[in-house]
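Chemist: For reference, the file upload_25.csv (CSV, C-alpha atoms) is included below:
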```csv
chain,number,residue,atom,x,y,z
R,57,LEU,CA,-4.9,-5.5,0.5
R,58,PRO,CA,-4.1,-1.8,1.4
R,59,GLY,CA,-3.9,-1.1,-2.3
R,60,PHE,CA,-7.7,-1.7,-2.6
R,61,GLN,CA,-8.8,0.5,0.3
R,62,ILE,CA,-10.2,3.0,-2.2
R,63,PHE,CA,-13.1,0.6,-2.9
R,64,ARG,CA,-14.0,0.1,0.7
R,65,ARG,CA,-13.9,3.4,2.4
R,66,PRO,CA,-16.9,5.7,1.8
R,67,VAL,CA,-14.8,8.8,2.5
R,68,ALA,CA,-12.5,7.8,-0.4
R,69,LYS,CA,-15.1,7.2,-3.1
R,70,PHE,CA,-13.7,10.1,-5.1
R,71,TYR,CA,-10.7,7.9,-5.9
R,72,GLY,CA,-13.3,5.5,-7.3
R,73,PHE,CA,-14.6,8.2,-9.6
R,74,TYR,CA,-11.0,8.9,-10.8
R,75,LEU,CA,-10.5,5.2,-11.4
R,76,PHE,CA,-13.7,4.8,-13.5
R,77,PHE,CA,-12.9,7.9,-15.5
R,78,ILE,CA,-9.4,6.6,-16.3
R,79,LEU,CA,-10.7,3.1,-17.3
R,80,THR,CA,-13.2,4.7,-19.6
R,81,THR,CA,-10.6,6.9,-21.2
R,82,PHE,CA,-8.3,3.9,-21.7
R,83,SER,CA,-11.1,2.0,-23.4
R,84,ILE,CA,-11.9,4.8,-25.8
R,85,ALA,CA,-8.2,5.3,-26.6
R,86,PHE,CA,-7.6,1.6,-27.2
R,87,HIS,CA,-10.7,1.5,-29.4
R,88,ASN,CA,-9.5,4.4,-31.5
R,89,LEU,CA,-6.0,2.9,-31.9
R,90,LEU,CA,-7.6,0.0,-33.7
R,91,HIS,CA,-9.3,2.2,-36.3
R,92,VAL,CA,-6.9,5.0,-37.2
R,93,SER,CA,-5.0,4.6,-40.4
R,94,ASN,CA,-2.9,7.8,-40.3
R,95,LYS,CA,0.4,6.7,-38.7
R,96,TYR,CA,1.0,10.1,-37.0
R,97,SER,CA,-2.4,9.9,-35.4
R,98,VAL,CA,-1.6,6.4,-34.2
R,99,TYR,CA,1.7,7.6,-32.7
R,100,LEU,CA,-0.1,10.5,-30.9
R,101,LEU,CA,-2.9,8.2,-29.5
R,102,LYS,CA,-0.3,5.7,-28.4
R,103,SER,CA,1.6,8.4,-26.6
R,104,LEU,CA,-1.5,9.7,-24.9
R,105,PHE,CA,-2.6,6.2,-24.0
R,106,SER,CA,0.8,5.3,-22.6
R,107,SER,CA,1.0,8.5,-20.6
R,108,PHE,CA,-2.4,8.0,-19.0
R,109,ALA,CA,-1.6,4.4,-18.2
R,110,ALA,CA,1.8,5.3,-16.6
R,111,TYR,CA,0.2,8.2,-14.6
R,112,PHE,CA,-2.6,6.0,-13.4
R,113,PHE,CA,-0.4,3.1,-12.2
R,114,ILE,CA,2.3,5.4,-10.6
R,115,SER,CA,-0.4,7.4,-8.8
R,116,ILE,CA,-2.0,4.2,-7.5
R,117,ILE,CA,1.4,3.0,-6.2
R,118,ILE,CA,2.1,6.3,-4.5
R,119,ILE,CA,-1.4,6.7,-3.0
R,120,ALA,CA,-2.0,3.2,-1.8
R,121,PRO,CA,1.0,0.9,-2.3
R,122,PHE,CA,0.5,-2.8,-3.0
R,123,MET,CA,2.7,-4.7,-0.6
R,124,GLU,CA,2.9,-8.1,0.9
R,125,PHE,CA,2.1,-7.8,4.6
R,126,SER,CA,0.3,-9.9,7.0
R,127,PRO,CA,-0.6,-8.3,10.4
R,128,PRO,CA,0.0,-10.5,13.5
R,129,ASP,CA,-2.7,-13.0,14.5
R,130,GLU,CA,-3.3,-11.0,17.7
R,131,TYR,CA,-4.9,-8.2,15.7
R,132,PHE,CA,-7.5,-10.5,14.2
R,133,ARG,CA,-8.2,-12.1,17.6
R,134,VAL,CA,-8.8,-8.7,19.0
R,135,LYS,CA,-11.1,-8.0,16.1
R,136,GLU,CA,-13.3,-10.9,17.1
R,137,LEU,CA,-13.2,-9.7,20.7
R,138,LEU,CA,-14.4,-6.3,19.6
R,139,LEU,CA,-17.2,-7.6,17.4
R,140,ASN,CA,-18.4,-9.8,20.2
R,141,SER,CA,-18.5,-6.9,22.7
R,142,ARG,CA,-20.7,-4.6,20.7
R,143,VAL,CA,-18.0,-2.2,19.4
R,144,GLN,CA,-19.0,1.2,18.1
R,145,LYS,CA,-15.7,3.1,17.7
R,146,VAL,CA,-12.1,2.4,18.8
R,147,LEU,CA,-9.5,4.8,20.1
R,148,VAL,CA,-6.0,3.5,19.3
R,149,LEU,CA,-3.2,4.7,21.5
R,150,PRO,CA,-0.5,5.9,21.6
R,151,GLY,CA,-0.7,8.7,19.0
R,152,THR,CA,2.1,8.9,16.4
R,153,ASN,CA,2.1,12.7,15.8
R,154,GLY,CA,0.5,12.3,12.4
R,155,LEU,CA,3.2,9.9,11.2
R,156,ASN,CA,3.0,6.3,10.1
R,157,PRO,CA,3.3,3.9,13.0
R,158,ASN,CA,6.7,2.3,13.4
R,159,TYR,CA,6.5,-1.2,15.0
R,160,ASP,CA,9.1,-3.3,16.7
R,161,ARG,CA,10.4,-6.7,15.9
R,162,SER,CA,7.1,-8.4,16.6
R,163,VAL,CA,5.7,-6.9,13.3
R,164,ASN,CA,9.1,-7.1,11.4
R,165,TYR,CA,9.8,-3.4,12.1
R,166,TYR,CA,6.9,-2.4,9.8
R,167,ASN,CA,6.7,1.3,9.1
R,168,GLY,CA,3.9,2.3,6.7
R,169,LEU,CA,0.1,2.6,6.4
R,170,ASP,CA,-1.8,2.0,9.6
R,171,PHE,CA,-3.6,-1.3,9.1
R,172,THR,CA,-5.7,-1.2,12.4
R,173,GLU,CA,-8.9,0.0,10.8
R,174,GLU,CA,-8.7,-2.5,7.9
R,175,VAL,CA,-8.2,-5.4,10.4
R,176,PHE,CA,-10.6,-4.4,13.1
R,177,LEU,CA,-13.4,-3.6,10.6
R,178,THR,CA,-14.6,-0.7,12.8
R,179,PRO,CA,-14.2,3.1,12.9
R,180,VAL,CA,-10.8,3.8,14.4
R,181,ILE,CA,-9.5,7.2,15.6
R,182,SER,CA,-6.2,8.3,17.1
R,183,PRO,CA,-5.1,11.5,19.0
R,184,ASP,CA,-2.6,12.8,16.5
R,185,PRO,CA,-1.8,16.4,17.2
R,186,THR,CA,-3.7,18.7,14.9
R,187,THR,CA,-0.7,20.8,14.1
R,188,ASN,CA,0.7,17.9,12.1
R,189,SER,CA,-2.4,16.3,10.8
R,190,LEU,CA,-5.8,17.2,9.4
R,191,ASN,CA,-7.7,19.5,11.8
R,192,MET,CA,-10.8,17.4,11.9
R,193,PRO,CA,-13.3,17.9,14.7
R,194,HIS,CA,-12.8,14.4,16.2
R,195,LYS,CA,-9.0,15.0,16.3
R,196,ILE,CA,-9.5,18.1,18.5
R,197,LEU,CA,-11.7,16.1,20.9
R,198,SER,CA,-9.4,13.1,20.9
R,199,ASN,CA,-6.4,15.3,21.7
R,200,GLU,CA,-8.3,16.7,24.7
R,201,LEU,CA,-9.1,13.2,25.8
R,202,TYR,CA,-5.5,12.2,25.4
R,203,PHE,CA,-4.2,15.0,27.6
R,204,ASP,CA,-6.9,14.5,30.3
R,205,LEU,CA,-6.1,10.8,30.4
R,206,VAL,CA,-2.3,11.5,30.9
R,207,LYS,CA,-3.2,14.1,33.6
R,208,GLY,CA,-5.4,11.6,35.5
R,209,ASN,CA,-8.6,13.5,34.8
R,210,SER,CA,-12.0,12.0,34.0
R,211,ILE,CA,-12.4,11.2,30.3
R,212,CYS,CA,-16.1,10.2,30.5
R,213,ASN,CA,-17.5,13.2,28.6
R,214,HIS,CA,-14.9,12.8,25.9
R,215,LEU,CA,-15.8,9.2,25.4
R,216,LYS,CA,-19.5,10.0,25.2
R,217,ASN,CA,-19.0,12.8,22.7
R,218,LEU,CA,-16.8,10.7,20.5
R,219,ASN,CA,-19.0,7.6,20.7
R,220,ILE,CA,-15.9,5.5,21.7
R,221,SER,CA,-16.7,2.0,23.0
R,222,HIS,CA,-13.2,0.6,23.3
R,223,ILE,CA,-9.6,1.8,23.8
R,224,ILE,CA,-6.6,-0.2,22.5
R,225,VAL,CA,-3.0,0.4,23.6
R,226,ARG,CA,-0.4,-0.9,21.2
R,227,ASN,CA,2.7,-2.1,23.1
R,228,ASN,CA,4.6,-2.9,20.0
R,229,ILE,CA,5.1,0.6,18.8
R,230,LEU,CA,8.6,1.9,18.8
R,231,GLN,CA,8.8,4.8,21.1
R,232,ASN,CA,10.3,8.1,19.8
R,233,GLU,CA,9.9,11.8,20.3
R,234,ALA,CA,6.4,11.6,18.7
R,235,THR,CA,4.9,8.9,20.9
R,236,LEU,CA,4.1,8.5,24.6
R,237,ASP,CA,5.3,5.4,26.4
R,238,PRO,CA,2.5,2.8,26.2
R,239,LYS,CA,3.2,1.7,29.7
R,240,LEU,CA,2.2,5.1,31.1
R,241,LEU,CA,-1.0,5.0,29.1
R,242,ILE,CA,-1.9,1.5,30.4
R,243,GLN,CA,-1.2,2.7,34.0
R,244,ALA,CA,-3.4,5.8,33.5
R,245,LEU,CA,-6.3,3.7,32.0
R,246,ALA,CA,-6.0,1.1,34.8
R,247,LYS,CA,-6.5,3.9,37.4
R,248,SER,CA,-9.5,5.4,35.5
R,249,THR,CA,-13.0,4.5,36.6
R,250,ASP,CA,-14.3,5.3,33.1
R,251,VAL,CA,-12.9,2.2,31.4
R,252,ILE,CA,-12.6,-1.5,32.3
R,253,LYS,CA,-9.7,-3.7,31.2
R,254,MET,CA,-10.9,-6.7,29.1
R,255,PRO,CA,-9.4,-10.1,30.0
R,256,ASN,CA,-7.5,-11.7,27.1
R,257,HIS,CA,-8.8,-15.2,27.8
R,258,ASN,CA,-5.5,-16.4,26.3
R,259,SER,CA,-6.9,-15.4,22.9
R,260,PHE,CA,-4.2,-12.8,22.2
R,261,ASP,CA,-0.9,-11.6,23.5
R,262,SER,CA,-1.5,-8.8,25.9
R,263,SER,CA,2.2,-7.9,25.7
R,264,LYS,CA,1.3,-6.4,22.3
R,265,LEU,CA,-2.2,-5.2,22.7
R,266,ASP,CA,-4.2,-4.1,25.8
R,267,VAL,CA,-8.0,-3.7,25.3
R,268,PHE,CA,-10.2,-1.5,27.5
R,269,LYS,CA,-14.0,-1.3,27.3
R,270,VAL,CA,-15.7,1.9,28.1
R,271,SER,CA,-18.0,1.7,31.1
R,272,HIS,CA,-21.8,1.9,30.6
R,273,ASN,CA,-22.0,5.3,32.2
R,274,CYS,CA,-19.6,6.8,29.7
R,275,SER,CA,-20.9,5.1,26.5
R,276,SER,CA,-23.3,6.6,24.0
R,277,GLU,CA,-25.3,5.7,20.9
R,278,ILE,CA,-24.3,6.4,17.4
R,279,LEU,CA,-27.7,8.1,16.9
R,280,PHE,CA,-29.8,9.8,19.6
R,281,LEU,CA,-32.4,12.5,20.2
R,282,SER,CA,-32.2,15.7,22.3
R,283,ASP,CA,-35.5,14.8,24.0
R,284,ILE,CA,-35.2,11.6,26.0
R,285,GLU,CA,-39.0,11.2,26.1
R,286,SER,CA,-39.2,10.9,22.3
R,287,ARG,CA,-38.6,7.6,20.6
R,288,LEU,CA,-35.8,6.8,18.2
R,289,ASP,CA,-35.2,3.3,16.6
R,290,TYR,CA,-32.6,2.7,14.0
R,291,LYS,CA,-30.9,-0.1,12.1
R,292,LEU,CA,-27.4,0.1,10.6
R,293,LEU,CA,-27.6,-1.4,7.1
R,294,SER,CA,-24.1,-0.5,6.0
R,295,PRO,CA,-21.4,2.1,6.9
R,296,VAL,CA,-23.2,4.6,4.6
R,297,LYS,CA,-26.9,3.7,5.1
R,298,ILE,CA,-29.1,3.8,8.2
R,299,ASP,CA,-32.8,3.2,8.5
R,300,LEU,CA,-34.4,5.1,11.4
R,301,GLN,CA,-37.8,5.8,12.9
R,302,ILE,CA,-38.6,8.9,15.0
R,303,GLN,CA,-41.6,9.7,17.1
R,304,ALA,CA,-41.2,13.2,18.5
R,305,LYS,CA,-43.0,14.0,21.8
R,306,GLU,CA,-41.9,17.6,21.8
R,307,LEU,CA,-40.8,20.1,19.2
R,308,PRO,CA,-38.3,21.4,18.3
R,309,ILE,CA,-36.2,18.3,18.6
R,310,SER,CA,-32.7,17.5,17.4
R,311,LEU,CA,-31.4,14.3,15.9
R,312,TYR,CA,-27.6,13.7,16.5
R,313,PHE,CA,-25.4,11.4,14.4
R,314,ASN,CA,-22.0,10.7,15.9
R,315,SER,CA,-19.9,11.2,12.8
R,316,ASN,CA,-17.9,14.3,11.7
R,317,SER,CA,-20.2,17.0,10.4
R,318,ASN,CA,-20.6,16.5,6.6
R,319,SER,CA,-23.1,18.0,4.2
R,320,ASN,CA,-23.1,14.7,2.2
R,321,TRP,CA,-25.2,12.9,4.8
R,322,LYS,CA,-28.8,13.4,3.8
R,323,LEU,CA,-32.2,12.3,5.2
R,324,PHE,CA,-34.7,10.7,2.9
R,325,ILE,CA,-38.3,9.6,3.4
R,326,ASN,CA,-38.5,5.8,3.7
R,327,ASP,CA,-41.8,4.5,2.4
R,328,GLN,CA,-40.7,0.9,2.6
R,329,SER,CA,-39.1,0.8,6.0
R,330,ASP,CA,-38.7,-2.6,7.7
R,331,ILE,CA,-38.9,-0.9,11.1
R,332,THR,CA,-42.6,-1.4,11.7
R,333,ASN,CA,-42.9,-1.7,15.4
R,334,SER,CA,-40.7,-1.6,18.5
R,335,SER,CA,-40.5,-5.4,18.8
R,336,GLU,CA,-38.8,-5.7,15.4
R,337,VAL,CA,-36.3,-2.8,15.9
R,338,ASN,CA,-32.6,-3.6,16.0
R,339,ASN,CA,-30.8,-0.7,17.7
R,340,SER,CA,-27.7,-2.1,16.2
R,341,THR,CA,-24.1,-1.3,16.6
R,342,ILE,CA,-21.2,-1.4,14.2
R,343,ALA,CA,-20.4,-4.8,15.6
R,344,ASP,CA,-23.9,-6.1,14.7
R,345,MET,CA,-23.6,-4.8,11.2
R,346,TYR,CA,-20.3,-6.6,10.6
R,347,ASN,CA,-21.3,-9.8,12.3
R,348,ASN,CA,-24.2,-10.0,9.9
R,349,ILE,CA,-22.4,-10.4,6.7
R,350,ASN,CA,-25.6,-10.1,4.7
R,351,SER,CA,-25.9,-6.5,5.8
R,352,ILE,CA,-22.6,-5.5,4.1
R,353,ASN,CA,-23.5,-5.9,0.5
R,354,PHE,CA,-23.0,-4.3,-2.8
R,355,SER,CA,-26.1,-2.2,-3.3
R,356,PRO,CA,-26.1,-0.5,-6.8
R,357,LEU,CA,-29.9,0.1,-6.4
R,358,ASP,CA,-28.9,2.8,-3.9
R,359,ILE,CA,-28.2,5.0,-7.0
R,360,ARG,CA,-31.9,5.9,-6.6
R,361,PHE,CA,-30.9,8.3,-3.8
R,362,LEU,CA,-29.6,10.7,-6.5
R,363,PHE,CA,-33.1,11.2,-7.7
R,364,LYS,CA,-35.1,10.5,-4.5
R,365,LYS,CA,-36.8,13.4,-2.7
R,366,LYS,CA,-35.0,14.5,0.4
R,367,PHE,CA,-36.7,15.1,3.7
R,368,ASN,CA,-36.7,18.9,3.9
R,369,TYR,CA,-38.5,19.3,7.2
R,370,ALA,CA,-35.3,18.9,9.3
R,371,MET,CA,-32.5,21.5,9.1
R,372,HIS,CA,-29.0,20.1,8.9
R,373,LYS,CA,-26.7,22.1,11.1
R,374,LEU,CA,-23.2,22.3,9.5
R,375,ASP,CA,-20.7,23.8,12.0
R,376,PHE,CA,-17.5,21.8,11.7
R,377,SER,CA,-18.6,19.7,14.6
R,378,HIS,CA,-17.7,16.1,15.7
R,379,ARG,CA,-21.3,15.1,14.9
R,380,ASN,CA,-24.1,15.9,12.5
R,381,GLU,CA,-27.3,17.5,13.8
R,382,TRP,CA,-30.8,17.8,12.3
R,383,THR,CA,-33.5,20.0,13.9
R,384,PHE,CA,-37.2,19.2,13.5
R,385,ASN,CA,-39.5,22.2,13.8
R,386,ASP,CA,-42.7,21.3,11.8
R,387,SER,CA,-45.6,20.8,14.2
R,388,HIS,CA,-47.1,18.4,11.6
R,389,TYR,CA,-44.7,15.7,12.8
R,390,LYS,CA,-45.4,16.0,16.5
R,391,ASN,CA,-46.3,12.6,18.0
R,392,LYS,CA,-46.3,11.1,14.5
R,393,ILE,CA,-44.0,8.2,13.4
R,394,ILE,CA,-41.5,9.2,10.7
R,395,ASN,CA,-39.6,6.6,8.7
R,396,LEU,CA,-36.4,7.9,7.3
R,397,THR,CA,-33.2,6.8,5.7
R,398,LEU,CA,-29.9,8.4,6.5
R,399,PHE,CA,-27.6,8.0,3.5
R,400,TYR,CA,-24.1,9.2,2.4
R,401,VAL,CA,-24.8,10.5,-1.1
R,402,PRO,CA,-21.3,10.1,-2.6
R,403,GLN,CA,-21.9,6.3,-2.4
R,404,ALA,CA,-24.6,6.7,-5.0
R,405,PHE,CA,-22.2,8.6,-7.3
R,406,PHE,CA,-19.8,5.7,-6.9
R,407,TYR,CA,-22.4,3.3,-8.2
R,408,LEU,CA,-23.2,5.8,-11.0
R,409,GLY,CA,-19.5,5.6,-12.0
R,410,ILE,CA,-19.7,1.9,-12.2
R,411,PHE,CA,-22.8,2.0,-14.5
R,412,ILE,CA,-21.3,4.6,-16.8
R,413,SER,CA,-18.0,2.6,-17.1
R,414,LEU,CA,-19.9,-0.7,-17.8
R,415,ILE,CA,-22.2,1.0,-20.4
R,416,VAL,CA,-19.1,2.5,-22.2
R,417,LEU,CA,-17.3,-0.9,-22.2
R,418,VAL,CA,-20.4,-2.8,-23.5
R,419,LEU,CA,-21.0,-0.2,-26.3
R,420,LEU,CA,-17.3,-0.4,-27.3
R,421,ALA,CA,-17.5,-4.2,-27.4
R,422,ILE,CA,-20.6,-4.1,-29.5
R,423,CYS,CA,-19.1,-1.6,-32.0
R,424,ARG,CA,-16.0,-3.7,-32.2
R,425,ILE,CA,-18.0,-6.8,-33.0
R,426,TYR,CA,-20.1,-5.0,-35.5
R,427,GLN,CA,-17.1,-3.5,-37.3
R,428,LYS,CA,-15.4,-6.9,-37.4
R,429,ASN,CA,-18.5,-8.5,-38.9
R,430,ASP,CA,-18.8,-5.7,-41.3
R,431,SER,CA,-15.2,-6.1,-42.5
R,432,GLN,CA,-15.6,-9.8,-42.9
R,433,LEU,CA,-18.8,-9.2,-45.0
R,434,SER,CA,-16.9,-6.7,-47.2
R,435,LEU,CA,-14.1,-9.2,-47.8
R,436,SER,CA,-16.6,-12.0,-48.7
R,437,LEU,CA,-18.4,-9.7,-51.2
R,438,GLN,CA,-15.1,-8.8,-52.9
```
Would you encode the structure as structure tokens?

Modeler:
Amino acid sequence: LPGFQIFRRPVAKFYGFYLFFILTTFSIAFHNLLHVSNKYSVYLLKSLFSSFAAYFFISIIIIAPFMEFSPPDEYFRVKELLLNSRVQKVLVLPGTNGLNPNYDRSVNYYNGLDFTEEVFLTPVISPDPTTNSLNMPHKILSNELYFDLVKGNSICNHLKNLNISHIIVRNNILQNEATLDPKLLIQALAKSTDVIKMPNHNSFDSSKLDVFKVSHNCSSEILFLSDIESRLDYKLLSPVKIDLQIQAKELPISLYFNSNSNSNWKLFINDQSDITNSSEVNNSTIADMYNNINSINFSPLDIRFLFKKKFNYAMHKLDFSHRNEWTFNDSHYKNKIINLTLFYVPQAFFYLGIFISLIVLVLLAICRIYQKNDSQLSLSLQ
């Protein structure tokens, strides 16, 4: 359900903090309502409680509307195709100029939140012009890719920099002044030597979706080192947690992570890494992570990263780039194996919010039971 996307996207965890704060406030207000004798105080608390409740539900409806909508089966079949072909990141064309996509009759003329990322279960980007949407680093590069593709130029370097593994062209988007004709994009991709059109195997309707896989020469890893002689092994545990093992042959050396530059990504020493030798390493992709359902789990124990010591021997370069970069300079780590965990720290605050809300609810329930028993005892004594 689109309305529950705030629980699933790491970048939207602050909505989760807001939700837990409101729920906790509601619980305290309701508890107070039951134990205030002054009628004016009761009216005041009821007014505050009603205002909070109305504001909460209205904001939820505006931010992420609940609606009955079922994407066409073709999208779910394409999802299976992507997961079976080691998808990393998907570029969805054509761009919609920062507006919600407007579909044709095949999707009941749907015009609203873009559901592709929720269906494909993979990172999805689009080349929306930055003048009408957030000026994020990957938007700038995807725009350059878009223009070079239309001009017939090579897009290989753009695909590498953005860590794109697949390109999908939607033929069921209604064309307007904000969108380019999908047929022109399909023709341009068919002429390009940087991508290969994937056969549909009668599994989905290619009149609605065309899928192209990036050629091996133009693909890249989600994590890589600046020195090709050094060793890097990694395992994607979840969208916000990656175990990695580094053995640097030369220093200084840089570790690159193909995700928008963000100071919330932190490196931690991993003393209990399950990456013990090269034969056990799974240099996994996004597809491997989602195909293994046990790897996408609710991990409240990750709250420990709020208190765990960070790995301070690598400088995190923050320069509004399309990727994160850490530079290792300490000669102590040359030719030594370093076990690390790359973690998105706001996820830990999300778990902390859950714990605080649960503790408050439990305490209020205990107080309510105690007061009820105390009242019954007083009545029996009278």

Chemist: How far is it from atom CA of Ser377 of chain R to atom CA of Val180 of chain R, in Å with one decimal?

Modeler: 17.7 Å

Chemist: Using all atoms listed in the file, which residue out of R:Tyr99, R:Tyr290, R:Phe411, R:Tyr312 lies closest to Thr397 of chain R?

Modeler: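 Looking at the shortest contact to Thr397 of chain R, the residue is R:Tyr290.
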
Chemist: From the list R:Asp266, R:Asp386, R:Asp375, R:Asp358, which residue is nearest Gln403 of chain R when using all atoms listed in the file?

Modeler: R:Asp358

Chemist: What separation in Å, quoted to one decimal, exists between atom CA of Ser162 of chain R and atom CA of Pro255 of chain R?

Modeler: 21.3 Å

Chemist: Do a neighbour search on Leu245 of chain R at 12 Å with only C-alpha atoms, toss out local chain neighbours closer than 6 positions, and write the hits as an mmCIF file with C-alpha atoms, in the coordinates of the input.

Modeler:
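Now in out.cif:
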```cif
data_model
loop_
_atom_site.group_PDB
_atom_site.id
_atom_site.type_symbol
_atom_site.label_atom_id
_atom_site.label_comp_id
_atom_site.auth_asym_id
_atom_site.auth_seq_id
_atom_site.Cartn_x
_atom_site.Cartn_y
_atom_site.Cartn_z
ATOM 1 C CA LEU R 149 -3.200 4.700 21.500
ATOM 2 C CA LEU R 201 -9.100 13.200 25.800
ATOM 3 C CA TYR R 202 -5.500 12.200 25.400
ATOM 4 C CA ASP R 204 -6.900 14.500 30.300
ATOM 5 C CA LEU R 205 -6.100 10.800 30.400
ATOM 6 C CA VAL R 206 -2.300 11.500 30.900
ATOM 7 C CA LYS R 207 -3.200 14.100 33.600
ATOM 8 C CA GLY R 208 -5.400 11.600 35.500
ATOM 9 C CA ASN R 209 -8.600 13.500 34.800
ATOM 10 C CA SER R 210 -12.000 12.000 34.000
ATOM 11 C CA ILE R 211 -12.400 11.200 30.300
ATOM 12 C CA CYS R 212 -16.100 10.200 30.500
ATOM 13 C CA HIS R 222 -13.200 0.600 23.300
ATOM 14 C CA ILE R 223 -9.600 1.800 23.800
ATOM 15 C CA ILE R 224 -6.600 -0.200 22.500
ATOM 16 C CA VAL R 225 -3.000 0.400 23.600
ATOM 17 C CA PRO R 238 2.500 2.800 26.200
ATOM 18 C CA LYS R 239 3.200 1.700 29.700
ATOM 19 C CA VAL R 251 -12.900 2.200 31.400
ATOM 20 C CA ILE R 252 -12.600 -1.500 32.300
ATOM 21 C CA LYS R 253 -9.700 -3.700 31.200
ATOM 22 C CA MET R 254 -10.900 -6.700 29.100
ATOM 23 C CA ASP R 266 -4.200 -4.100 25.800
ATOM 24 C CA VAL R 267 -8.000 -3.700 25.300
ATOM 25 C CA PHE R 268 -10.200 -1.500 27.500
ATOM 26 C CA LYS R 269 -14.000 -1.300 27.300
ATOM 27 C CA VAL R 270 -15.700 1.900 28.100
ATOM 28 C CA SER R 271 -18.000 1.700 31.100
#
```

Chemist: Mind checking which residues fall within 10 Å of segment 360-368 of chain R, counting only C-alpha atoms, ignoring those fewer than 4 positions away in the same chain, and posting them as a PyMOL selection string?

Modeler: chain R and resi 322-326+356+372+384+396-405+407-408

Chemist: For Pro150 of chain R, which residue out of R:Val175, R:Tyr165, R:Phe132, R:Asn227 is the nearest one, using only C-alpha atoms?

Modeler: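 For Pro150 of chain R, the nearest of the candidates is R:Asn227.
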
Chemist: Between R:Ile425, R:Met371, R:Leu288, R:Leu281, which has the minimum distance to Ser319 of chain R (counting only C-alpha atoms)?

Modeler: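 For Ser319 of chain R, the nearest of the candidates is R:Met371.
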
Chemist: When you draw a straight line from atom CA of Asn273 of chain R to atom CA of Ile309 of chain R, how long is it in Å?

Modeler: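 Here the two named atoms are 23.6 Å from each other.
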
Chemist: Which residue gives the smallest distance to Asn199 of chain R among R:Asn164, R:Glu130, R:Ser221, R:Asn153, with all atoms listed in the file counted?

Modeler: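 The closest residue to Asn199 of chain R is R:Asn153.
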
Chemist: Would you please work out which residue, of R:Ser276, R:Asn167, R:Ser107, R:Thr178, is nearest to Pro295 of chain R when using only C-alpha atoms?

Modeler: R:Thr178

Chemist: For Tyr389 of chain R, find every residue with an atom within 9 Å (counting only C-alpha atoms), except residues of its own chain fewer than 6 positions away, and show them as a list in words.

Modeler: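 Returned residues: Gln303, Ala304 and Leu307 of chain R.
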
Chemist: At most 9 Å from (-23.2, 13.0, 17.0), file frame, all atoms listed in the file: which residues, as a list in words?

Modeler: Asn217, Leu218, Asn219, Glu277, Ile278, Leu279, Phe280, Leu311, Tyr312, Phe313, Asn314, Ser315, Asn316, Ser317, Ser377, His378, Arg379, Asn380 and Glu381 of chain R
